[in-house]
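Visitor: As input, take model-v5.pdb (PDB, N, CA and C atoms and all ligand atoms):
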```pdb
ATOM      1  N   MET K   1      23.761-139.762 -56.073  1.00  0.00           N
ATOM      2  CA  MET K   1      24.941-140.614 -56.167  1.00  0.00           C
ATOM      3  C   MET K   1      25.828-140.397 -54.941  1.00  0.00           C
ATOM      4  N   ALA K   2      26.339-141.479 -54.410  1.00  0.00           N
ATOM      5  CA  ALA K   2      27.150-141.403 -53.190  1.00  0.00           C
ATOM      6  C   ALA K   2      28.495-140.736 -53.474  1.00  0.00           C
ATOM      7  N   ALA K   3      29.011-140.103 -52.460  1.00  0.00           N
ATOM      8  CA  ALA K   3      30.319-139.473 -52.596  1.00  0.00           C
ATOM      9  C   ALA K   3      31.378-140.540 -52.829  1.00  0.00           C
ATOM     10  N   GLU K   4      32.368-140.132 -53.576  1.00  0.00           N
ATOM     11  CA  GLU K   4      33.437-141.066 -53.884  1.00  0.00           C
ATOM     12  C   GLU K   4      34.193-141.418 -52.595  1.00  0.00           C
ATOM     13  N   THR K   5      34.236-142.695 -52.283  1.00  0.00           N
ATOM     14  CA  THR K   5      34.829-143.101 -51.012  1.00  0.00           C
ATOM     15  C   THR K   5      36.341-142.941 -50.988  1.00  0.00           C
ATOM     16  N   SER K   6      36.944-142.906 -52.173  1.00  0.00           N
ATOM     17  CA  SER K   6      38.403-142.806 -52.205  1.00  0.00           C
ATOM     18  C   SER K   6      38.873-141.369 -52.016  1.00  0.00           C
ATOM     19  N   GLU K   7      37.930-140.433 -51.965  1.00  0.00           N
ATOM     20  CA  GLU K   7      38.320-139.033 -51.851  1.00  0.00           C
ATOM     21  C   GLU K   7      38.961-138.744 -50.496  1.00  0.00           C
ATOM     22  N   VAL K   8      40.064-138.034 -50.549  1.00  0.00           N
ATOM     23  CA  VAL K   8      40.746-137.664 -49.313  1.00  0.00           C
ATOM     24  C   VAL K   8      40.017-136.477 -48.698  1.00  0.00           C
ATOM     25  N   VAL K   9      39.597-136.599 -47.455  1.00  0.00           N
ATOM     26  CA  VAL K   9      38.870-135.502 -46.835  1.00  0.00           C
ATOM     27  C   VAL K   9      39.757-134.665 -45.930  1.00  0.00           C
ATOM     28  N   ARG K  10      40.881-135.216 -45.523  1.00  0.00           N
ATOM     29  CA  ARG K  10      41.809-134.408 -44.737  1.00  0.00           C
ATOM     30  C   ARG K  10      43.230-134.870 -45.009  1.00  0.00           C
ATOM     31  N   HIS K  11      44.150-133.982 -44.746  1.00  0.00           N
ATOM     32  CA  HIS K  11      45.544-134.291 -45.019  1.00  0.00           C
ATOM     33  C   HIS K  11      46.363-133.655 -43.899  1.00  0.00           C
ATOM     34  N   ASP K  12      46.763-134.466 -42.949  1.00  0.00           N
ATOM     35  CA  ASP K  12      47.497-133.945 -41.803  1.00  0.00           C
ATOM     36  C   ASP K  12      48.954-133.665 -42.172  1.00  0.00           C
ATOM     37  N   VAL K  13      49.402-132.495 -41.798  1.00  0.00           N
ATOM     38  CA  VAL K  13      50.793-132.113 -42.061  1.00  0.00           C
ATOM     39  C   VAL K  13      51.411-131.575 -40.776  1.00  0.00           C
ATOM     40  N   ASN K  14      52.725-131.539 -40.755  1.00  0.00           N
ATOM     41  CA  ASN K  14      53.457-130.963 -39.630  1.00  0.00           C
ATOM     42  C   ASN K  14      53.848-129.537 -39.961  1.00  0.00           C
ATOM     43  N   CYS K  15      53.561-128.640 -39.059  1.00  0.00           N
ATOM     44  CA  CYS K  15      53.998-127.259 -39.231  1.00  0.00           C
ATOM     45  C   CYS K  15      55.517-127.215 -39.084  1.00  0.00           C
ATOM     46  N   PRO K  16      56.229-126.628 -40.062  1.00  0.00           N
ATOM     47  CA  PRO K  16      57.692-126.582 -39.963  1.00  0.00           C
ATOM     48  C   PRO K  16      58.185-125.626 -38.881  1.00  0.00           C
ATOM     49  N   TYR K  17      57.316-124.782 -38.368  1.00  0.00           N
ATOM     50  CA  TYR K  17      57.741-123.803 -37.360  1.00  0.00           C
ATOM     51  C   TYR K  17      57.513-124.314 -35.948  1.00  0.00           C
ATOM     52  N   CYS K  18      56.286-124.751 -35.655  1.00  0.00           N
ATOM     53  CA  CYS K  18      55.980-125.121 -34.272  1.00  0.00           C
ATOM     54  C   CYS K  18      55.857-126.628 -34.101  1.00  0.00           C
ATOM     55  N   GLY K  19      55.874-127.379 -35.206  1.00  0.00           N
ATOM     56  CA  GLY K  19      55.797-128.827 -35.106  1.00  0.00           C
ATOM     57  C   GLY K  19      54.397-129.355 -34.877  1.00  0.00           C
ATOM     58  N   GLY K  20      53.439-128.465 -34.809  1.00  0.00           N
ATOM     59  CA  GLY K  20      52.055-128.888 -34.604  1.00  0.00           C
ATOM     60  C   GLY K  20      51.513-129.602 -35.827  1.00  0.00           C
ATOM     61  N   VAL K  21      50.569-130.503 -35.613  1.00  0.00           N
ATOM     62  CA  VAL K  21      49.926-131.218 -36.709  1.00  0.00           C
ATOM     63  C   VAL K  21      48.584-130.561 -36.983  1.00  0.00           C
ATOM     64  N   PHE K  22      48.311-130.309 -38.259  1.00  0.00           N
ATOM     65  CA  PHE K  22      47.001-129.751 -38.596  1.00  0.00           C
ATOM     66  C   PHE K  22      46.550-130.278 -39.940  1.00  0.00           C
ATOM     67  N   ASP K  23      45.262-130.129 -40.202  1.00  0.00           N
ATOM     68  CA  ASP K  23      44.674-130.590 -41.457  1.00  0.00           C
ATOM     69  C   ASP K  23      44.861-129.504 -42.510  1.00  0.00           C
ATOM     70  N   LEU K  24      45.637-129.821 -43.518  1.00  0.00           N
ATOM     71  CA  LEU K  24      45.958-128.840 -44.554  1.00  0.00           C
ATOM     72  C   LEU K  24      44.705-128.333 -45.265  1.00  0.00           C
ATOM     73  N   PHE K  25      43.735-129.194 -45.478  1.00  0.00           N
ATOM     74  CA  PHE K  25      42.561-128.805 -46.241  1.00  0.00           C
ATOM     75  C   PHE K  25      41.659-127.837 -45.483  1.00  0.00           C
ATOM     76  N   SER K  26      41.577-127.977 -44.167  1.00  0.00           N
ATOM     77  CA  SER K  26      40.657-127.103 -43.436  1.00  0.00           C
ATOM     78  C   SER K  26      41.347-125.857 -42.890  1.00  0.00           C
ATOM     79  N   ALA K  27      42.663-125.779 -43.015  1.00  0.00           N
ATOM     80  CA  ALA K  27      43.367-124.585 -42.553  1.00  0.00           C
ATOM     81  C   ALA K  27      43.040-123.403 -43.465  1.00  0.00           C
ATOM     82  N   SER K  28      43.212-122.193 -42.949  1.00  0.00           N
ATOM     83  CA  SER K  28      42.913-121.001 -43.742  1.00  0.00           C
ATOM     84  C   SER K  28      44.098-120.627 -44.622  1.00  0.00           C
ATOM     85  N   TRP K  29      43.784-120.060 -45.779  1.00  0.00           N
ATOM     86  CA  TRP K  29      44.838-119.498 -46.614  1.00  0.00           C
ATOM     87  C   TRP K  29      45.333-118.220 -45.945  1.00  0.00           C
ATOM     88  N   CYS K  30      46.607-117.915 -46.115  1.00  0.00           N
ATOM     89  CA  CYS K  30      47.124-116.656 -45.577  1.00  0.00           C
ATOM     90  C   CYS K  30      46.672-115.518 -46.492  1.00  0.00           C
ATOM     91  N   SER K  31      46.946-114.308 -46.086  1.00  0.00           N
ATOM     92  CA  SER K  31      46.441-113.156 -46.846  1.00  0.00           C
ATOM     93  C   SER K  31      47.547-112.464 -47.632  1.00  0.00           C
ATOM     94  N   HIS K  32      48.639-113.146 -47.882  1.00  0.00           N
ATOM     95  CA  HIS K  32      49.720-112.545 -48.649  1.00  0.00           C
ATOM     96  C   HIS K  32      49.364-112.458 -50.128  1.00  0.00           C
ATOM     97  N   TRP K  33      50.099-111.625 -50.835  1.00  0.00           N
ATOM     98  CA  TRP K  33      49.917-111.441 -52.270  1.00  0.00           C
ATOM     99  C   TRP K  33      51.184-111.848 -52.987  1.00  0.00           C
ATOM    100  N   PRO K  34      51.097-112.141 -54.291  1.00  0.00           N
ATOM    101  CA  PRO K  34      49.881-112.205 -55.092  1.00  0.00           C
ATOM    102  C   PRO K  34      49.119-113.509 -54.879  1.00  0.00           C
ATOM    103  N   VAL K  35      47.839-113.461 -55.275  1.00  0.00           N
ATOM    104  CA  VAL K  35      47.021-114.661 -55.207  1.00  0.00           C
ATOM    105  C   VAL K  35      47.669-115.746 -56.061  1.00  0.00           C
ATOM    106  N   GLY K  36      47.672-116.942 -55.566  1.00  0.00           N
ATOM    107  CA  GLY K  36      48.300-118.043 -56.298  1.00  0.00           C
ATOM    108  C   GLY K  36      49.604-118.458 -55.647  1.00  0.00           C
ATOM    109  N   THR K  37      50.177-117.568 -54.847  1.00  0.00           N
ATOM    110  CA  THR K  37      51.393-117.942 -54.137  1.00  0.00           C
ATOM    111  C   THR K  37      51.125-118.027 -52.642  1.00  0.00           C
ATOM    112  N   GLN K  38      49.862-117.907 -52.273  1.00  0.00           N
ATOM    113  CA  GLN K  38      49.535-117.968 -50.856  1.00  0.00           C
ATOM    114  C   GLN K  38      49.731-119.373 -50.322  1.00  0.00           C
ATOM    115  N   SER K  39      49.867-119.465 -49.026  1.00  0.00           N
ATOM    116  CA  SER K  39      50.025-120.769 -48.405  1.00  0.00           C
ATOM    117  C   SER K  39      49.030-120.888 -47.257  1.00  0.00           C
ATOM    118  N   LYS K  40      48.971-122.079 -46.686  1.00  0.00           N
ATOM    119  CA  LYS K  40      48.049-122.303 -45.581  1.00  0.00           C
ATOM    120  C   LYS K  40      48.678-121.854 -44.267  1.00  0.00           C
ATOM    121  N   GLN K  41      47.831-121.354 -43.404  1.00  0.00           N
ATOM    122  CA  GLN K  41      48.284-120.909 -42.094  1.00  0.00           C
ATOM    123  C   GLN K  41      48.130-122.017 -41.069  1.00  0.00           C
ATOM    124  N   CYS K  42      49.155-122.221 -40.283  1.00  0.00           N
ATOM    125  CA  CYS K  42      49.055-123.167 -39.181  1.00  0.00           C
ATOM    126  C   CYS K  42      48.089-122.605 -38.142  1.00  0.00           C
ATOM    127  N   PRO K  43      47.076-123.358 -37.737  1.00  0.00           N
ATOM    128  CA  PRO K  43      46.109-122.834 -36.762  1.00  0.00           C
ATOM    129  C   PRO K  43      46.704-122.670 -35.366  1.00  0.00           C
ATOM    130  N   ARG K  44      47.834-123.287 -35.125  1.00  0.00           N
ATOM    131  CA  ARG K  44      48.432-123.234 -33.802  1.00  0.00           C
ATOM    132  C   ARG K  44      49.337-122.007 -33.622  1.00  0.00           C
ATOM    133  N   CYS K  45      50.253-121.773 -34.579  1.00  0.00           N
ATOM    134  CA  CYS K  45      51.164-120.633 -34.432  1.00  0.00           C
ATOM    135  C   CYS K  45      50.810-119.513 -35.402  1.00  0.00           C
ATOM    136  N   ALA K  46      49.813-119.742 -36.284  1.00  0.00           N
ATOM    137  CA  ALA K  46      49.316-118.716 -37.215  1.00  0.00           C
ATOM    138  C   ALA K  46      50.356-118.276 -38.233  1.00  0.00           C
ATOM    139  N   ARG K  47      51.388-119.063 -38.447  1.00  0.00           N
ATOM    140  CA  ARG K  47      52.370-118.702 -39.463  1.00  0.00           C
ATOM    141  C   ARG K  47      52.065-119.426 -40.759  1.00  0.00           C
ATOM    142  N   CYS K  48      52.344-118.755 -41.873  1.00  0.00           N
ATOM    143  CA  CYS K  48      52.184-119.400 -43.169  1.00  0.00           C
ATOM    144  C   CYS K  48      53.570-119.732 -43.702  1.00  0.00           C
ATOM    145  N   LEU K  49      53.616-120.365 -44.847  1.00  0.00           N
ATOM    146  CA  LEU K  49      54.892-120.815 -45.386  1.00  0.00           C
ATOM    147  C   LEU K  49      55.600-119.777 -46.232  1.00  0.00           C
ATOM    148  N   CYS K  50      54.966-118.619 -46.445  1.00  0.00           N
ATOM    149  CA  CYS K  50      55.518-117.643 -47.390  1.00  0.00           C
ATOM    150  C   CYS K  50      56.931-117.208 -47.037  1.00  0.00           C
ATOM    151  N   ASP K  51      57.257-117.154 -45.755  1.00  0.00           N
ATOM    152  CA  ASP K  51      58.612-116.724 -45.400  1.00  0.00           C
ATOM    153  C   ASP K  51      59.506-117.907 -45.037  1.00  0.00           C
ATOM    154  N   HIS K  52      59.049-119.111 -45.380  1.00  0.00           N
ATOM    155  CA  HIS K  52      59.888-120.282 -45.166  1.00  0.00           C
ATOM    156  C   HIS K  52      61.030-120.250 -46.183  1.00  0.00           C
ATOM    157  N   PRO K  53      62.276-120.541 -45.764  1.00  0.00           N
ATOM    158  CA  PRO K  53      63.422-120.450 -46.683  1.00  0.00           C
ATOM    159  C   PRO K  53      63.296-121.327 -47.923  1.00  0.00           C
ATOM    160  N   SER K  54      62.555-122.406 -47.860  1.00  0.00           N
ATOM    161  CA  SER K  54      62.452-123.311 -49.006  1.00  0.00           C
ATOM    162  C   SER K  54      61.288-122.971 -49.933  1.00  0.00           C
ATOM    163  N   TYR K  55      60.458-121.997 -49.529  1.00  0.00           N
ATOM    164  CA  TYR K  55      59.213-121.768 -50.262  1.00  0.00           C
ATOM    165  C   TYR K  55      59.445-121.300 -51.692  1.00  0.00           C
ATOM    166  N   ARG K  56      60.558-120.628 -51.955  1.00  0.00           N
ATOM    167  CA  ARG K  56      60.804-120.117 -53.304  1.00  0.00           C
ATOM    168  C   ARG K  56      61.737-121.008 -54.112  1.00  0.00           C
ATOM    169  N   GLU K  57      62.037-122.167 -53.596  1.00  0.00           N
ATOM    170  CA  GLU K  57      62.898-123.085 -54.337  1.00  0.00           C
ATOM    171  C   GLU K  57      62.050-124.025 -55.180  1.00  0.00           C
ATOM    172  N   PRO K  58      62.216-123.954 -56.506  1.00  0.00           N
ATOM    173  CA  PRO K  58      61.390-124.785 -57.394  1.00  0.00           C
ATOM    174  C   PRO K  58      61.510-126.278 -57.101  1.00  0.00           C
ATOM    175  N   ARG K  59      62.658-126.717 -56.633  1.00  0.00           N
ATOM    176  CA  ARG K  59      62.801-128.156 -56.387  1.00  0.00           C
ATOM    177  C   ARG K  59      62.005-128.621 -55.177  1.00  0.00           C
ATOM    178  N   MET K  60      61.477-127.678 -54.419  1.00  0.00           N
ATOM    179  CA  MET K  60      60.662-128.051 -53.264  1.00  0.00           C
ATOM    180  C   MET K  60      59.189-128.217 -53.631  1.00  0.00           C
ATOM    181  N   TRP K  61      58.887-128.151 -54.926  1.00  0.00           N
ATOM    182  CA  TRP K  61      57.503-128.217 -55.376  1.00  0.00           C
ATOM    183  C   TRP K  61      57.278-129.362 -56.347  1.00  0.00           C
ATOM    184  N   MET K  62      56.067-129.872 -56.354  1.00  0.00           N
ATOM    185  CA  MET K  62      55.670-130.861 -57.345  1.00  0.00           C
ATOM    186  C   MET K  62      54.268-130.505 -57.828  1.00  0.00           C
ATOM    187  N   ASP K  63      53.885-131.058 -58.982  1.00  0.00           N
ATOM    188  CA  ASP K  63      52.508-130.895 -59.428  1.00  0.00           C
ATOM    189  C   ASP K  63      51.599-131.587 -58.424  1.00  0.00           C
ATOM    190  N   ALA K  64      50.556-130.917 -58.025  1.00  0.00           N
ATOM    191  CA  ALA K  64      49.685-131.474 -57.006  1.00  0.00           C
ATOM    192  C   ALA K  64      48.841-132.617 -57.562  1.00  0.00           C
ATOM    193  N   PRO K  65      48.656-133.683 -56.785  1.00  0.00           N
ATOM    194  CA  PRO K  65      47.709-134.730 -57.180  1.00  0.00           C
ATOM    195  C   PRO K  65      46.301-134.135 -57.330  1.00  0.00           C
ATOM    196  N   LEU K  66      45.466-134.803 -58.078  1.00  0.00           N
ATOM    197  CA  LEU K  66      44.145-134.273 -58.411  1.00  0.00           C
ATOM    198  C   LEU K  66      43.338-133.878 -57.178  1.00  0.00           C
ATOM    199  N   VAL K  67      43.418-134.689 -56.142  1.00  0.00           N
ATOM    200  CA  VAL K  67      42.618-134.396 -54.961  1.00  0.00           C
ATOM    201  C   VAL K  67      43.045-133.067 -54.336  1.00  0.00           C
ATOM    202  N   PHE K  68      44.309-132.715 -54.493  1.00  0.00           N
ATOM    203  CA  PHE K  68      44.780-131.421 -53.995  1.00  0.00           C
ATOM    204  C   PHE K  68      44.352-130.290 -54.928  1.00  0.00           C
ATOM    205  N   GLN K  69      44.407-130.566 -56.213  1.00  0.00           N
ATOM    206  CA  GLN K  69      44.001-129.535 -57.168  1.00  0.00           C
ATOM    207  C   GLN K  69      42.551-129.142 -56.962  1.00  0.00           C
ATOM    208  N   LYS K  70      41.716-130.118 -56.625  1.00  0.00           N
ATOM    209  CA  LYS K  70      40.307-129.829 -56.383  1.00  0.00           C
ATOM    210  C   LYS K  70      40.130-128.894 -55.197  1.00  0.00           C
ATOM    211  N   ARG K  71      41.109-128.867 -54.327  1.00  0.00           N
ATOM    212  CA  ARG K  71      41.006-128.039 -53.130  1.00  0.00           C
ATOM    213  C   ARG K  71      41.841-126.773 -53.227  1.00  0.00           C
ATOM    214  N   GLY K  72      42.224-126.435 -54.446  1.00  0.00           N
ATOM    215  CA  GLY K  72      42.862-125.151 -54.655  1.00  0.00           C
ATOM    216  C   GLY K  72      44.370-125.158 -54.628  1.00  0.00           C
ATOM    217  N   PHE K  73      44.962-126.349 -54.721  1.00  0.00           N
ATOM    218  CA  PHE K  73      46.421-126.417 -54.737  1.00  0.00           C
ATOM    219  C   PHE K  73      46.897-126.797 -56.135  1.00  0.00           C
ATOM    220  N   PRO K  74      47.312-125.817 -56.959  1.00  0.00           N
ATOM    221  CA  PRO K  74      47.858-126.180 -58.275  1.00  0.00           C
ATOM    222  C   PRO K  74      49.184-126.913 -58.141  1.00  0.00           C
ATOM    223  N   ARG K  75      49.941-126.554 -57.126  1.00  0.00           N
ATOM    224  CA  ARG K  75      51.215-127.214 -56.864  1.00  0.00           C
ATOM    225  C   ARG K  75      51.262-127.572 -55.385  1.00  0.00           C
ATOM    226  N   LEU K  76      52.106-128.536 -55.080  1.00  0.00           N
ATOM    227  CA  LEU K  76      52.188-128.987 -53.693  1.00  0.00           C
ATOM    228  C   LEU K  76      53.606-128.791 -53.176  1.00  0.00           C
ATOM    229  N   PHE K  77      53.705-128.114 -52.061  1.00  0.00           N
ATOM    230  CA  PHE K  77      54.989-127.918 -51.391  1.00  0.00           C
ATOM    231  C   PHE K  77      55.395-129.234 -50.740  1.00  0.00           C
ATOM    232  N   LEU K  78      56.633-129.656 -50.975  1.00  0.00           N
ATOM    233  CA  LEU K  78      57.024-130.998 -50.546  1.00  0.00           C
ATOM    234  C   LEU K  78      56.937-131.204 -49.038  1.00  0.00           C
ATOM    235  N   LEU K  79      57.080-130.154 -48.267  1.00  0.00           N
ATOM    236  CA  LEU K  79      56.955-130.308 -46.824  1.00  0.00           C
ATOM    237  C   LEU K  79      55.513-130.639 -46.428  1.00  0.00           C
ATOM    238  N   TYR K  80      54.594-130.372 -47.326  1.00  0.00           N
ATOM    239  CA  TYR K  80      53.184-130.623 -47.057  1.00  0.00           C
ATOM    240  C   TYR K  80      52.692-131.891 -47.741  1.00  0.00           C
ATOM    241  N   LEU K  81      53.619-132.708 -48.179  1.00  0.00           N
ATOM    242  CA  LEU K  81      53.223-133.939 -48.864  1.00  0.00           C
ATOM    243  C   LEU K  81      52.704-134.944 -47.850  1.00  0.00           C
TER     244      LEU K  81
HETATM  245 ZN    ZN K 101      52.701-123.899 -36.482  1.00  0.00          ZN
HETATM  246 ZN    ZN K 102      51.603-116.177 -46.480  1.00  0.00          ZN
END
```
For the file at hand, write its structure as structure tokens.
Ligand SMILES: [Zn+2]
Ligand SMILES: [Zn+2]

Guide:
Amino acid sequence: MAAETSEVVRHDVNCPYCGGVFDLFSASWCSHWPVGTQSKQCPRCARCLCDHPSYREPRMWMDAPLVFQKRGFPRLFLLYL
């Protein structure tokens, strides 16, 4: 059976630190703990979102769309929408 054509294969986002654009899905997870609160690392400046001032604000989060959940994102940070 053919792959679902509507599936999102990449999701370009802007790094809030260096302004670089990268694909959120192919970026590496950072190595911070605990598991489940990790974020993606920008491949350009190698920073993750864990120390971003908005990262711990609940209003900056939404339930992730299904395509994101399939890729390991239970929730989606609004800056990465
Ligand atoms: Zn960056
Ligand atoms: Zn991190």

Visitor: Select the residues contacting ligand ZN 101 (chain K) at a distance of at most 6.5 Å, based on only N, CA and C atoms and all ligand atoms, then format the selection as a PDB file with N, CA and C atoms, in the coordinates of the input.

Guide:
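Output below, filename part-v9.pdb:
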```
ATOM      1  N   CYS K  15      53.561-128.640 -39.059  1.00  0.00           N
ATOM      2  CA  CYS K  15      53.998-127.259 -39.231  1.00  0.00           C
ATOM      3  C   CYS K  15      55.517-127.215 -39.084  1.00  0.00           C
ATOM      4  N   PRO K  16      56.229-126.628 -40.062  1.00  0.00           N
ATOM      5  CA  PRO K  16      57.692-126.582 -39.963  1.00  0.00           C
ATOM      6  C   PRO K  16      58.185-125.626 -38.881  1.00  0.00           C
ATOM      7  N   TYR K  17      57.316-124.782 -38.368  1.00  0.00           N
ATOM      8  CA  TYR K  17      57.741-123.803 -37.360  1.00  0.00           C
ATOM      9  C   TYR K  17      57.513-124.314 -35.948  1.00  0.00           C
ATOM     10  N   CYS K  18      56.286-124.751 -35.655  1.00  0.00           N
ATOM     11  CA  CYS K  18      55.980-125.121 -34.272  1.00  0.00           C
ATOM     12  C   CYS K  18      55.857-126.628 -34.101  1.00  0.00           C
ATOM     13  N   GLY K  19      55.874-127.379 -35.206  1.00  0.00           N
ATOM     14  CA  GLY K  19      55.797-128.827 -35.106  1.00  0.00           C
ATOM     15  C   GLY K  19      54.397-129.355 -34.877  1.00  0.00           C
ATOM     16  N   GLY K  20      53.439-128.465 -34.809  1.00  0.00           N
ATOM     17  CA  GLY K  20      52.055-128.888 -34.604  1.00  0.00           C
ATOM     18  C   GLY K  20      51.513-129.602 -35.827  1.00  0.00           C
ATOM     19  N   CYS K  42      49.155-122.221 -40.283  1.00  0.00           N
ATOM     20  CA  CYS K  42      49.055-123.167 -39.181  1.00  0.00           C
ATOM     21  C   CYS K  42      48.089-122.605 -38.142  1.00  0.00           C
ATOM     22  N   PRO K  43      47.076-123.358 -37.737  1.00  0.00           N
ATOM     23  CA  PRO K  43      46.109-122.834 -36.762  1.00  0.00           C
ATOM     24  C   PRO K  43      46.704-122.670 -35.366  1.00  0.00           C
ATOM     25  N   ARG K  44      47.834-123.287 -35.125  1.00  0.00           N
ATOM     26  CA  ARG K  44      48.432-123.234 -33.802  1.00  0.00           C
ATOM     27  C   ARG K  44      49.337-122.007 -33.622  1.00  0.00           C
ATOM     28  N   CYS K  45      50.253-121.773 -34.579  1.00  0.00           N
ATOM     29  CA  CYS K  45      51.164-120.633 -34.432  1.00  0.00           C
ATOM     30  C   CYS K  45      50.810-119.513 -35.402  1.00  0.00           C
ATOM     31  N   ALA K  46      49.813-119.742 -36.284  1.00  0.00           N
ATOM     32  CA  ALA K  46      49.316-118.716 -37.215  1.00  0.00           C
ATOM     33  C   ALA K  46      50.356-118.276 -38.233  1.00  0.00           C
ATOM     34  N   ARG K  47      51.388-119.063 -38.447  1.00  0.00           N
ATOM     35  CA  ARG K  47      52.370-118.702 -39.463  1.00  0.00           C
ATOM     36  C   ARG K  47      52.065-119.426 -40.759  1.00  0.00           C
TER      37      ARG K  47
END
```

Visitor: Give me the chain K side of the contact with ligand ZN 102 (chain K), cut-off 5 Å, one line per residue showing its nearest atom pair and distance in Å at one decimal, counting only N, CA and C atoms and all ligand atoms, sorted by chain and residue number, as a Markdown table.

Guide:
```
| residue | atom | partner | partner_atom | distance |
| --- | --- | --- | --- | --- |
| K:Cys30 | CA | K:ZN102 | ZN | 4.6 |
| K:His32 | N | K:ZN102 | ZN | 4.5 |
| K:Ser39 | N | K:ZN102 | ZN | 4.5 |
| K:Cys48 | CA | K:ZN102 | ZN | 4.7 |
| K:Leu49 | N | K:ZN102 | ZN | 4.9 |
| K:Cys50 | N | K:ZN102 | ZN | 4.2 |
```

Visitor: Enumerate, as a list in words, the residues matched when the PyMOL selection byres (((chain K and resi 58-75) around 8) and not hetatm) is run on the file above.

Guide: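 Here the PyMOL selection byres (((chain K and resi 58-75) around 8) and not hetatm) matches Glu7, Val8, Phe25, Gly36, Ser54, Tyr55, Arg56, Glu57, Leu76, Phe77, Leu78 and Leu79 of chain K.
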
Visitor: May I have the residues from that selection written out with N, CA and C atoms, as a tab-separated table (two decimals), in the coordinates of the input?

Guide:
```tsv
chain	number	residue	atom	x	y	z
K	7	GLU	N	37.93	-140.43	-51.96
K	7	GLU	CA	38.32	-139.03	-51.85
K	7	GLU	C	38.96	-138.74	-50.50
K	8	VAL	N	40.06	-138.03	-50.55
K	8	VAL	CA	40.75	-137.66	-49.31
K	8	VAL	C	40.02	-136.48	-48.70
K	25	PHE	N	43.74	-129.19	-45.48
K	25	PHE	CA	42.56	-128.80	-46.24
K	25	PHE	C	41.66	-127.84	-45.48
K	36	GLY	N	47.67	-116.94	-55.57
K	36	GLY	CA	48.30	-118.04	-56.30
K	36	GLY	C	49.60	-118.46	-55.65
K	54	SER	N	62.56	-122.41	-47.86
K	54	SER	CA	62.45	-123.31	-49.01
K	54	SER	C	61.29	-122.97	-49.93
K	55	TYR	N	60.46	-122.00	-49.53
K	55	TYR	CA	59.21	-121.77	-50.26
K	55	TYR	C	59.44	-121.30	-51.69
K	56	ARG	N	60.56	-120.63	-51.96
K	56	ARG	CA	60.80	-120.12	-53.30
K	56	ARG	C	61.74	-121.01	-54.11
K	57	GLU	N	62.04	-122.17	-53.60
K	57	GLU	CA	62.90	-123.08	-54.34
K	57	GLU	C	62.05	-124.02	-55.18
K	76	LEU	N	52.11	-128.54	-55.08
K	76	LEU	CA	52.19	-128.99	-53.69
K	76	LEU	C	53.61	-128.79	-53.18
K	77	PHE	N	53.70	-128.11	-52.06
K	77	PHE	CA	54.99	-127.92	-51.39
K	77	PHE	C	55.40	-129.23	-50.74
K	78	LEU	N	56.63	-129.66	-50.98
K	78	LEU	CA	57.02	-131.00	-50.55
K	78	LEU	C	56.94	-131.20	-49.04
K	79	LEU	N	57.08	-130.15	-48.27
K	79	LEU	CA	56.96	-130.31	-46.82
K	79	LEU	C	55.51	-130.64	-46.43
```

Visitor: Quick one: pull the distance between CA of Lys40 in chain K and atom C of Leu81 in chain K, Å, one decimal.

Guide: 13.7 Å

Visitor: Interatomic distance between CA of Arg10 in chain K and CA of Ser31 in chain K?

Guide: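 Going from CA of Arg10 in chain K over to CA of Ser31 in chain K, I get 21.9 Å.
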
Visitor: Can you check which residues of chain K DSSP gives as alpha helix (DSSP H) on the backbone and send them as a list in words?

Guide: Leu66, Val67, Phe68 and Gln69 of chain K

Visitor: Using CA of Ser28 in chain K and CA of Asp51 in chain K as the two end points, give the distance in Å to one decimal.

Guide: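 Straight-line distance from CA of Ser28 in chain K to CA of Asp51 in chain K works out to 16.4 Å.
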
Visitor: I'd like the residues picked by the PyMOL selection byres (((chain K and resi 22) around 6) and not hetatm) written out as a list of chain:residue names, using the chain letters and numbers from the file.

Guide: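 So the PyMOL selection byres (((chain K and resi 22) around 6) and not hetatm), applied here, picks out K:His11, K:Asp12, K:Val13, K:Asn14, K:Cys15, K:Gly20, K:Val21, K:Asp23, K:Leu24.
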
Visitor: Box for range 27-39 of chain K: with edges along x, y and z, all listed atoms inside and 8 Å added on each side, what are the centre and edge lengths in Å to one decimal, as lines of an AutoDock Vina configuration file?

Guide:
```
center_x = 47.0
center_y = -118.6
center_z = -49.4
size_x = 24.7
size_y = 30.3
size_z = 29.7
```

Visitor: Determine which residues of chain K DSSP labels as strand (DSSP E) from the backbone of this structure, then write them out as a compact mmCIF listing (two decimals) with N, CA and C atoms, keeping the file's coordinate frame.

Guide:
```
# COMPACT_ATOMS: atom_id res chain seq x y z
N ASP K 12 46.76 -134.47 -42.95
CA ASP K 12 47.50 -133.94 -41.80
C ASP K 12 48.95 -133.66 -42.17
N VAL K 13 49.40 -132.50 -41.80
CA VAL K 13 50.79 -132.11 -42.06
C VAL K 13 51.41 -131.57 -40.78
N ASN K 14 52.72 -131.54 -40.76
CA ASN K 14 53.46 -130.96 -39.63
C ASN K 14 53.85 -129.54 -39.96
N VAL K 21 50.57 -130.50 -35.61
CA VAL K 21 49.93 -131.22 -36.71
C VAL K 21 48.58 -130.56 -36.98
N PHE K 22 48.31 -130.31 -38.26
CA PHE K 22 47.00 -129.75 -38.60
C PHE K 22 46.55 -130.28 -39.94
N ASP K 23 45.26 -130.13 -40.20
CA ASP K 23 44.67 -130.59 -41.46
C ASP K 23 44.86 -129.50 -42.51
N TRP K 61 58.89 -128.15 -54.93
CA TRP K 61 57.50 -128.22 -55.38
C TRP K 61 57.28 -129.36 -56.35
N MET K 62 56.07 -129.87 -56.35
CA MET K 62 55.67 -130.86 -57.34
C MET K 62 54.27 -130.50 -57.83
N ASP K 63 53.88 -131.06 -58.98
CA ASP K 63 52.51 -130.90 -59.43
C ASP K 63 51.60 -131.59 -58.42
N ARG K 75 49.94 -126.55 -57.13
CA ARG K 75 51.22 -127.21 -56.86
C ARG K 75 51.26 -127.57 -55.38
N LEU K 76 52.11 -128.54 -55.08
CA LEU K 76 52.19 -128.99 -53.69
C LEU K 76 53.61 -128.79 -53.18
N PHE K 77 53.70 -128.11 -52.06
CA PHE K 77 54.99 -127.92 -51.39
C PHE K 77 55.40 -129.23 -50.74
```
